[in-house]
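Structure file my_file-v4.csv (CSV, C-alpha atoms) follows.
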```csv
chain,number,residue,atom,x,y,z
A,1307,PRO,CA,-84.7,135.0,-16.7
A,1308,ASN,CA,-88.1,133.6,-17.2
A,1309,ALA,CA,-87.5,130.7,-14.7
A,1310,VAL,CA,-89.9,127.8,-14.5
A,1311,THR,CA,-92.7,128.5,-12.1
A,1312,GLY,CA,-95.6,126.3,-10.8
A,1313,PRO,CA,-95.7,122.6,-10.6
A,1314,GLU,CA,-92.9,120.4,-12.0
A,1315,ASP,CA,-92.4,116.7,-12.7
A,1316,TYR,CA,-89.6,114.9,-11.0
A,1317,PHE,CA,-88.0,111.6,-11.9
A,1318,THR,CA,-85.6,109.4,-9.8
A,1319,ASP,CA,-84.0,106.4,-11.3
A,1320,ALA,CA,-82.0,103.7,-9.6
A,1321,ALA,CA,-80.4,100.9,-11.6
A,1322,VAL,CA,-78.1,97.9,-11.3
A,1323,ASP,CA,-76.5,95.9,-14.0
A,1324,ALA,CA,-74.1,93.0,-14.3
A,1325,GLN,CA,-72.1,91.3,-16.9
A,1326,TYR,CA,-70.3,87.9,-17.2
A,1327,GLU,CA,-68.0,86.9,-19.9
A,1328,ARG,CA,-66.0,83.7,-20.3
A,1329,ILE,CA,-63.6,82.4,-22.9
A,1330,LEU,CA,-64.0,78.6,-23.5
A,1331,PRO,CA,-60.6,77.2,-24.4
A,1332,SER,CA,-61.9,73.7,-24.8
A,1333,LEU,CA,-64.3,75.0,-27.5
A,1334,HIS,CA,-61.7,76.8,-29.8
A,1335,ASN,CA,-61.8,79.9,-27.6
A,1336,ASP,CA,-65.5,80.6,-28.3
A,1337,THR,CA,-66.9,83.1,-25.8
A,1338,ILE,CA,-70.1,83.4,-23.8
A,1339,SER,CA,-71.5,86.6,-22.5
A,1340,VAL,CA,-74.4,87.3,-20.2
A,1341,HIS,CA,-75.7,90.8,-19.5
A,1342,THR,CA,-78.6,91.9,-17.2
A,1343,THR,CA,-80.0,95.3,-16.2
A,1344,TYR,CA,-82.8,96.4,-13.8
A,1345,ILE,CA,-84.0,100.0,-13.6
A,1346,HIS,CA,-86.5,101.4,-11.2
A,1347,GLU,CA,-88.0,104.8,-11.8
A,1348,SER,CA,-90.1,106.7,-9.3
A,1349,SER,CA,-91.8,109.8,-10.6
A,1350,ASP,CA,-93.7,112.7,-9.1
A,1351,LEU,CA,-95.8,114.0,-12.0
A,1352,ALA,CA,-97.2,117.1,-10.2
A,1353,ALA,CA,-97.2,119.2,-13.4
A,1354,THR,CA,-98.7,116.5,-15.6
A,1355,PHE,CA,-101.3,115.6,-13.0
A,1356,ALA,CA,-102.3,119.3,-12.6
A,1357,GLN,CA,-102.9,119.6,-16.3
A,1358,GLY,CA,-105.0,116.4,-16.4
A,1359,GLY,CA,-102.4,114.2,-18.0
A,1360,ALA,CA,-102.3,111.6,-15.2
A,1361,ALA,CA,-104.9,110.1,-12.9
A,1362,PHE,CA,-102.6,110.7,-9.9
A,1363,PRO,CA,-99.1,112.2,-9.4
A,1364,ASN,CA,-96.9,109.4,-8.1
A,1365,HIS,CA,-95.8,106.5,-10.4
A,1366,ASP,CA,-93.3,103.7,-10.6
A,1367,LEU,CA,-91.8,102.2,-13.8
A,1368,ASN,CA,-89.5,99.2,-13.9
A,1369,THR,CA,-87.4,97.7,-16.6
A,1370,PHE,CA,-85.6,94.3,-16.6
A,1371,LYS,CA,-83.4,93.0,-19.4
A,1372,LEU,CA,-81.4,89.8,-19.7
A,1373,ASP,CA,-79.4,88.6,-22.7
A,1374,GLY,CA,-77.0,85.8,-23.5
A,1375,ILE,CA,-74.5,85.8,-26.4
A,1376,TYR,CA,-72.5,82.9,-27.8
A,1377,HIS,CA,-69.6,83.8,-30.1
A,1378,PHE,CA,-68.4,81.1,-32.3
A,1379,GLY,CA,-64.7,82.2,-32.7
A,1380,ASP,CA,-64.6,85.6,-34.3
A,1381,LYS,CA,-67.0,85.1,-37.1
A,1382,TYR,CA,-70.5,84.3,-35.8
A,1383,GLY,CA,-72.6,85.2,-32.8
A,1384,LEU,CA,-76.0,84.1,-31.5
A,1385,THR,CA,-78.0,86.2,-29.1
A,1386,ALA,CA,-81.2,85.4,-27.1
A,1387,ALA,CA,-82.7,88.1,-24.9
A,1388,TYR,CA,-85.7,88.8,-22.7
A,1389,PHE,CA,-87.1,92.2,-21.7
A,1390,ASP,CA,-89.9,93.3,-19.4
A,1391,THR,CA,-91.3,96.7,-18.5
A,1392,TRP,CA,-94.0,97.2,-15.9
A,1393,GLY,CA,-95.3,99.8,-13.5
A,1394,THR,CA,-98.1,101.8,-12.1
A,1395,ILE,CA,-101.4,101.5,-13.9
A,1396,ASP,CA,-102.8,104.9,-14.9
A,1397,PRO,CA,-105.7,105.0,-17.4
A,1398,VAL,CA,-105.0,108.7,-18.1
A,1399,LEU,CA,-101.2,108.7,-18.6
A,1400,TYR,CA,-101.5,105.4,-20.6
A,1401,ALA,CA,-104.8,106.1,-22.3
A,1402,PRO,CA,-106.4,104.0,-25.0
A,1403,ASP,CA,-105.2,105.2,-28.5
A,1404,PRO,CA,-104.6,103.3,-31.7
A,1405,ILE,CA,-101.2,101.7,-32.0
A,1406,ASP,CA,-99.4,103.3,-29.0
A,1407,GLY,CA,-102.2,103.4,-26.4
A,1408,SER,CA,-103.2,101.1,-23.6
A,1409,ALA,CA,-106.8,99.8,-23.2
A,1410,ASN,CA,-106.2,99.0,-19.5
A,1411,GLY,CA,-103.8,101.9,-18.5
A,1412,SER,CA,-100.8,99.6,-18.1
A,1413,PRO,CA,-97.3,100.2,-19.3
A,1414,LYS,CA,-96.6,96.4,-19.2
A,1415,SER,CA,-94.6,95.2,-22.2
A,1416,ASP,CA,-92.4,92.2,-22.5
A,1417,GLY,CA,-90.9,90.0,-25.2
A,1418,TYR,CA,-87.7,88.5,-26.6
A,1419,ILE,CA,-85.0,89.2,-29.1
A,1420,LEU,CA,-83.2,86.6,-31.3
A,1421,GLN,CA,-80.2,87.7,-33.2
A,1422,PHE,CA,-77.6,86.2,-35.5
A,1423,ALA,CA,-74.4,88.1,-36.4
A,1424,TYR,CA,-71.7,87.4,-39.0
A,1425,TRP,CA,-68.3,89.2,-39.2
A,1426,PRO,CA,-66.6,88.4,-42.5
A,1427,TRP,CA,-63.9,90.9,-41.7
A,1428,GLN,CA,-62.9,92.7,-38.5
A,1429,ASN,CA,-64.8,95.9,-39.2
A,1430,ILE,CA,-67.9,94.6,-41.0
A,1431,ASP,CA,-70.9,93.1,-39.2
A,1432,PHE,CA,-74.0,91.6,-40.9
A,1433,THR,CA,-76.8,91.0,-38.5
A,1434,ALA,CA,-80.3,89.5,-38.6
A,1435,GLN,CA,-82.6,90.3,-35.6
A,1436,TYR,CA,-86.1,89.4,-34.7
A,1437,THR,CA,-88.0,91.1,-31.8
A,1438,GLY,CA,-91.2,89.4,-30.6
A,1439,TYR,CA,-93.7,90.9,-28.1
A,1440,LEU,CA,-95.6,88.8,-25.6
A,1441,ASN,CA,-97.4,91.9,-24.1
A,1442,PHE,CA,-97.4,95.5,-25.3
A,1443,ASN,CA,-98.8,98.4,-23.3
A,1444,GLY,CA,-100.7,96.1,-20.9
A,1445,GLY,CA,-102.0,93.3,-23.1
A,1446,SER,CA,-101.4,90.5,-25.5
A,1447,THR,CA,-104.6,91.0,-27.5
A,1448,ASN,CA,-106.4,94.2,-28.2
A,1449,TYR,CA,-103.9,96.1,-26.1
A,1450,ASP,CA,-104.8,99.5,-27.5
A,1451,GLY,CA,-108.6,99.2,-27.5
A,1452,SER,CA,-108.6,99.4,-31.3
A,1453,GLY,CA,-108.0,95.7,-32.0
A,1454,ARG,CA,-104.2,95.6,-32.2
A,1455,ASN,CA,-102.4,92.6,-30.7
A,1456,ALA,CA,-98.9,92.7,-29.0
A,1457,SER,CA,-97.5,90.5,-31.8
A,1458,ASP,CA,-98.5,93.1,-34.4
A,1459,ASN,CA,-95.4,95.0,-33.1
A,1460,ASN,CA,-93.0,92.2,-33.9
A,1461,ALA,CA,-90.2,93.2,-36.1
A,1462,ALA,CA,-87.4,91.7,-38.2
A,1463,TYR,CA,-84.2,93.7,-39.0
A,1464,LEU,CA,-81.4,93.2,-41.4
A,1465,MET,CA,-78.4,95.3,-40.5
A,1466,ALA,CA,-75.0,96.0,-42.1
A,1467,TRP,CA,-72.4,97.8,-39.9
A,1468,PHE,CA,-69.2,99.2,-41.4
A,1469,ILE,CA,-67.2,100.1,-38.3
A,1470,PHE,CA,-64.2,102.4,-38.8
```
Target format C-alpha cells, applied to this file:
Amino acid sequence: PNAVTGPEDYFTDAAVDAQYERILPSLHNDTISVHTTYIHESSDLAATFAQGGAAFPNHDLNTFKLDGIYHFGDKYGLTAAYFDTWGTIDPVLYAPDPIDGSANGSPKSDGYILQFAYWPWQNIDFTAQYTGYLNFNGGSTNYDGSGRNASDNNAAYLMAWFIF
C-alpha cells in the first residue's frame, strides 16, 4: 500500500579492495599490513533534481583509501593512511554553507591518518589517532565560503577498547 510514485534516486556502486599481510621472521615476527579500497558510485538523482536539490541528475563520486600498518610484535602498532574523495561538481547539491558546505560545489576531500596503538593485554587496546585534511569539500582554504579551512576539521582521538 502507498507505494512510492514519481521520480526516484538511484545509486550504483562498484568497488575493489586488496590486502597484503606479511610476517617478518627476521624482525622478531613483526608484521606488516597494507590495505586499499576504491569505490565508484554513479547516481541518477532524478527525484533530488526534480525538487531543485541538484543542478543536474547524473553524478559520480569516487573514494580511494590506502593504509599501511606495522605491528611491533603483539604490543605496538603504527599506521599511516591516505584517503581521497572526488566527484562531479554540483553547486546546488554541494552548496555553500558554514562548516559542511562547499564554496565551489565540489565534494573533493583528502587527507591522512596517523595512528599509534598499544595492547598491554590481549583484549585491551589503547590508541592515539590524528586525522589531517589537505582538502575538504573542494578546497584547502575557505572551502565553505564562510572562511573555514580544511585543516579546521583536523582531529585527534584517544581511544580505549576493551574487547570481550
Restrict the calculation to all atoms listed in the file, then for each residue of range 1313-1412 of chain A with any atom at most 10 Å from an atom of range 1449-1455 of chain A give the closest atom pair and their distance in Å to one decimal, rows by chain and rising residue number, as CSV.
```
residue,atom,partner,partner_atom,distance
A:Tyr1400,CA,A:Asp1450,CA,9.7
A:Ala1401,CA,A:Asp1450,CA,8.4
A:Pro1402,CA,A:Asp1450,CA,5.4
A:Asp1403,CA,A:Asp1450,CA,5.8
A:Pro1404,CA,A:Ser1452,CA,5.6
A:Ile1405,CA,A:Asp1450,CA,6.2
A:Asp1406,CA,A:Asp1450,CA,6.8
A:Gly1407,CA,A:Asp1450,CA,4.8
A:Ser1408,CA,A:Asp1450,CA,4.5
A:Ala1409,CA,A:Gly1451,CA,4.7
A:Asn1410,CA,A:Tyr1449,CA,7.6
A:Gly1411,CA,A:Asp1450,CA,9.4
A:Ser1412,CA,A:Tyr1449,CA,9.3
```
Problem set entry | Nearest to Gly1358 in chain A by atom-to-atom distance, counting only C-alpha atoms, from A:Asp1416, A:Asp1458, A:Asp1380, A:Asp1396 |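 Comparing A:Asp1416, A:Asp1458, A:Asp1380, A:Asp1396 against Gly1358 in chain A, the winner is A:Asp1396.
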Exercise. For the point (-68.9, 90.5, -39.5) in file coordinates, what residues are within 9 Å, counting only C-alpha atoms? Give the answer as a list of chain:residue names?
Worked result: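 The residues that fall inside the cut-off are A:Asp1380, A:Lys1381, A:Tyr1382, A:Ala1423, A:Tyr1424, A:Trp1425, A:Pro1426, A:Trp1427, A:Gln1428, A:Asn1429, A:Ile1430, A:Asp1431, A:Phe1432, A:Thr1433, A:Ala1466, A:Trp1467, A:Phe1468.
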For this session: Point out the residue among A:Ile1419, A:Phe1317, A:Val1398, A:Met1465 with the least atom-to-atom distance to Gly1359 in chain A, counting all atoms listed in the file.
Result: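 Among A:Ile1419, A:Phe1317, A:Val1398, A:Met1465, it is A:Val1398 that comes nearest to Gly1359 in chain A.
Proximity ranking of A:Ser1349, A:Thr1391, A:Thr1337, A:Ser1415 relative to Ala1320 in chain A places A:Ser1349 first, based on all atoms listed in the file.
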Exercise. Got a sec: who's within 10 Å of Pro1313 in chain A, counting all atoms listed in the file, leaving out chain neighbours fewer than 5 positions off, as a list in words?
Worked result: Leu1351, Ala1352, Ala1353, Thr1354, Phe1355, Ala1356 and Gln1357 of chain A
For this session: Please provide as a PyMOL selection string all residues within 8 Å of Asp1319 in chain A, with the sequence filter that same-chain residues fewer than 2 positions apart are discarded (counting all atoms listed in the file).
Result: chain A and resi 1317+1321+1345-1348
Exercise. What's the 7 Å shell around Leu1372 in chain A, counting only C-alpha atoms, without same-chain residues fewer than 4 positions away, as a list in words?
Worked result: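 Contacts, in chain order: His1341, Thr1342, Thr1343, Ala1387, Tyr1388 and Phe1389 of chain A.
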Using all atoms listed in the file, list the residues that have an atom at most 7 Å from (-97.6, 97.0, -20.1), coordinates as in the file, as a PDB file with C-alpha atoms, in the coordinates of the input.
```pdb
ATOM      1  CA  THR A1391     -91.300  96.700 -18.500  1.00  0.00           C
ATOM      2  CA  TRP A1392     -94.000  97.200 -15.900  1.00  0.00           C
ATOM      3  CA  SER A1412    -100.800  99.600 -18.100  1.00  0.00           C
ATOM      4  CA  PRO A1413     -97.300 100.200 -19.300  1.00  0.00           C
ATOM      5  CA  LYS A1414     -96.600  96.400 -19.200  1.00  0.00           C
ATOM      6  CA  SER A1415     -94.600  95.200 -22.200  1.00  0.00           C
ATOM      7  CA  ASN A1441     -97.400  91.900 -24.100  1.00  0.00           C
ATOM      8  CA  PHE A1442     -97.400  95.500 -25.300  1.00  0.00           C
ATOM      9  CA  ASN A1443     -98.800  98.400 -23.300  1.00  0.00           C
ATOM     10  CA  GLY A1444    -100.700  96.100 -20.900  1.00  0.00           C
ATOM     11  CA  GLY A1445    -102.000  93.300 -23.100  1.00  0.00           C
TER      12      GLY A1445
END
```
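The gap separating CA of Thr1318 in chain A from CA of Asp1366 in chain A is 9.6 Å, in Å to one decimal.
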Exercise. For Leu1384 in chain A, which residue out of A:Gln1421, A:Ser1332, A:Ser1446, A:Asn1460 is the nearest one, using all atoms listed in the file?
Worked result: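 Ranked by minimum distance to Leu1384 in chain A, first place goes to A:Gln1421.
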Problem set entry | Pick from A:His1377, A:Pro1363, A:Tyr1418, A:Ala1386, whichever lies nearest to Tyr1316 in chain A using all atoms listed in the file | A:Pro1363
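Note that the spacing between CA of Asp1315 in chain A and CA of Asn1364 in chain A amounts to 9.7 Å.
Using only C-alpha atoms for every distance, the candidate list A:Arg1328, A:Leu1367, A:Ser1457, A:Phe1422 yields A:Arg1328 as the residue closest to Val1340 in chain A.
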For this session: Would you work out the distance separating CA of Ile1469 in chain A from CA of Asn1335 in chain A, expressed in Å to one decimal?
Result: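 Here the two named atoms are 23.5 Å from each other.
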For this session: Please identify all polymer residues within 6 Å of Tyr1436 in chain A, counting all atoms listed in the file, omitting same-chain residues fewer than 5 positions from it, and present them as a ChimeraX atom specification.
Result: /A:1419-1420,1461-1462
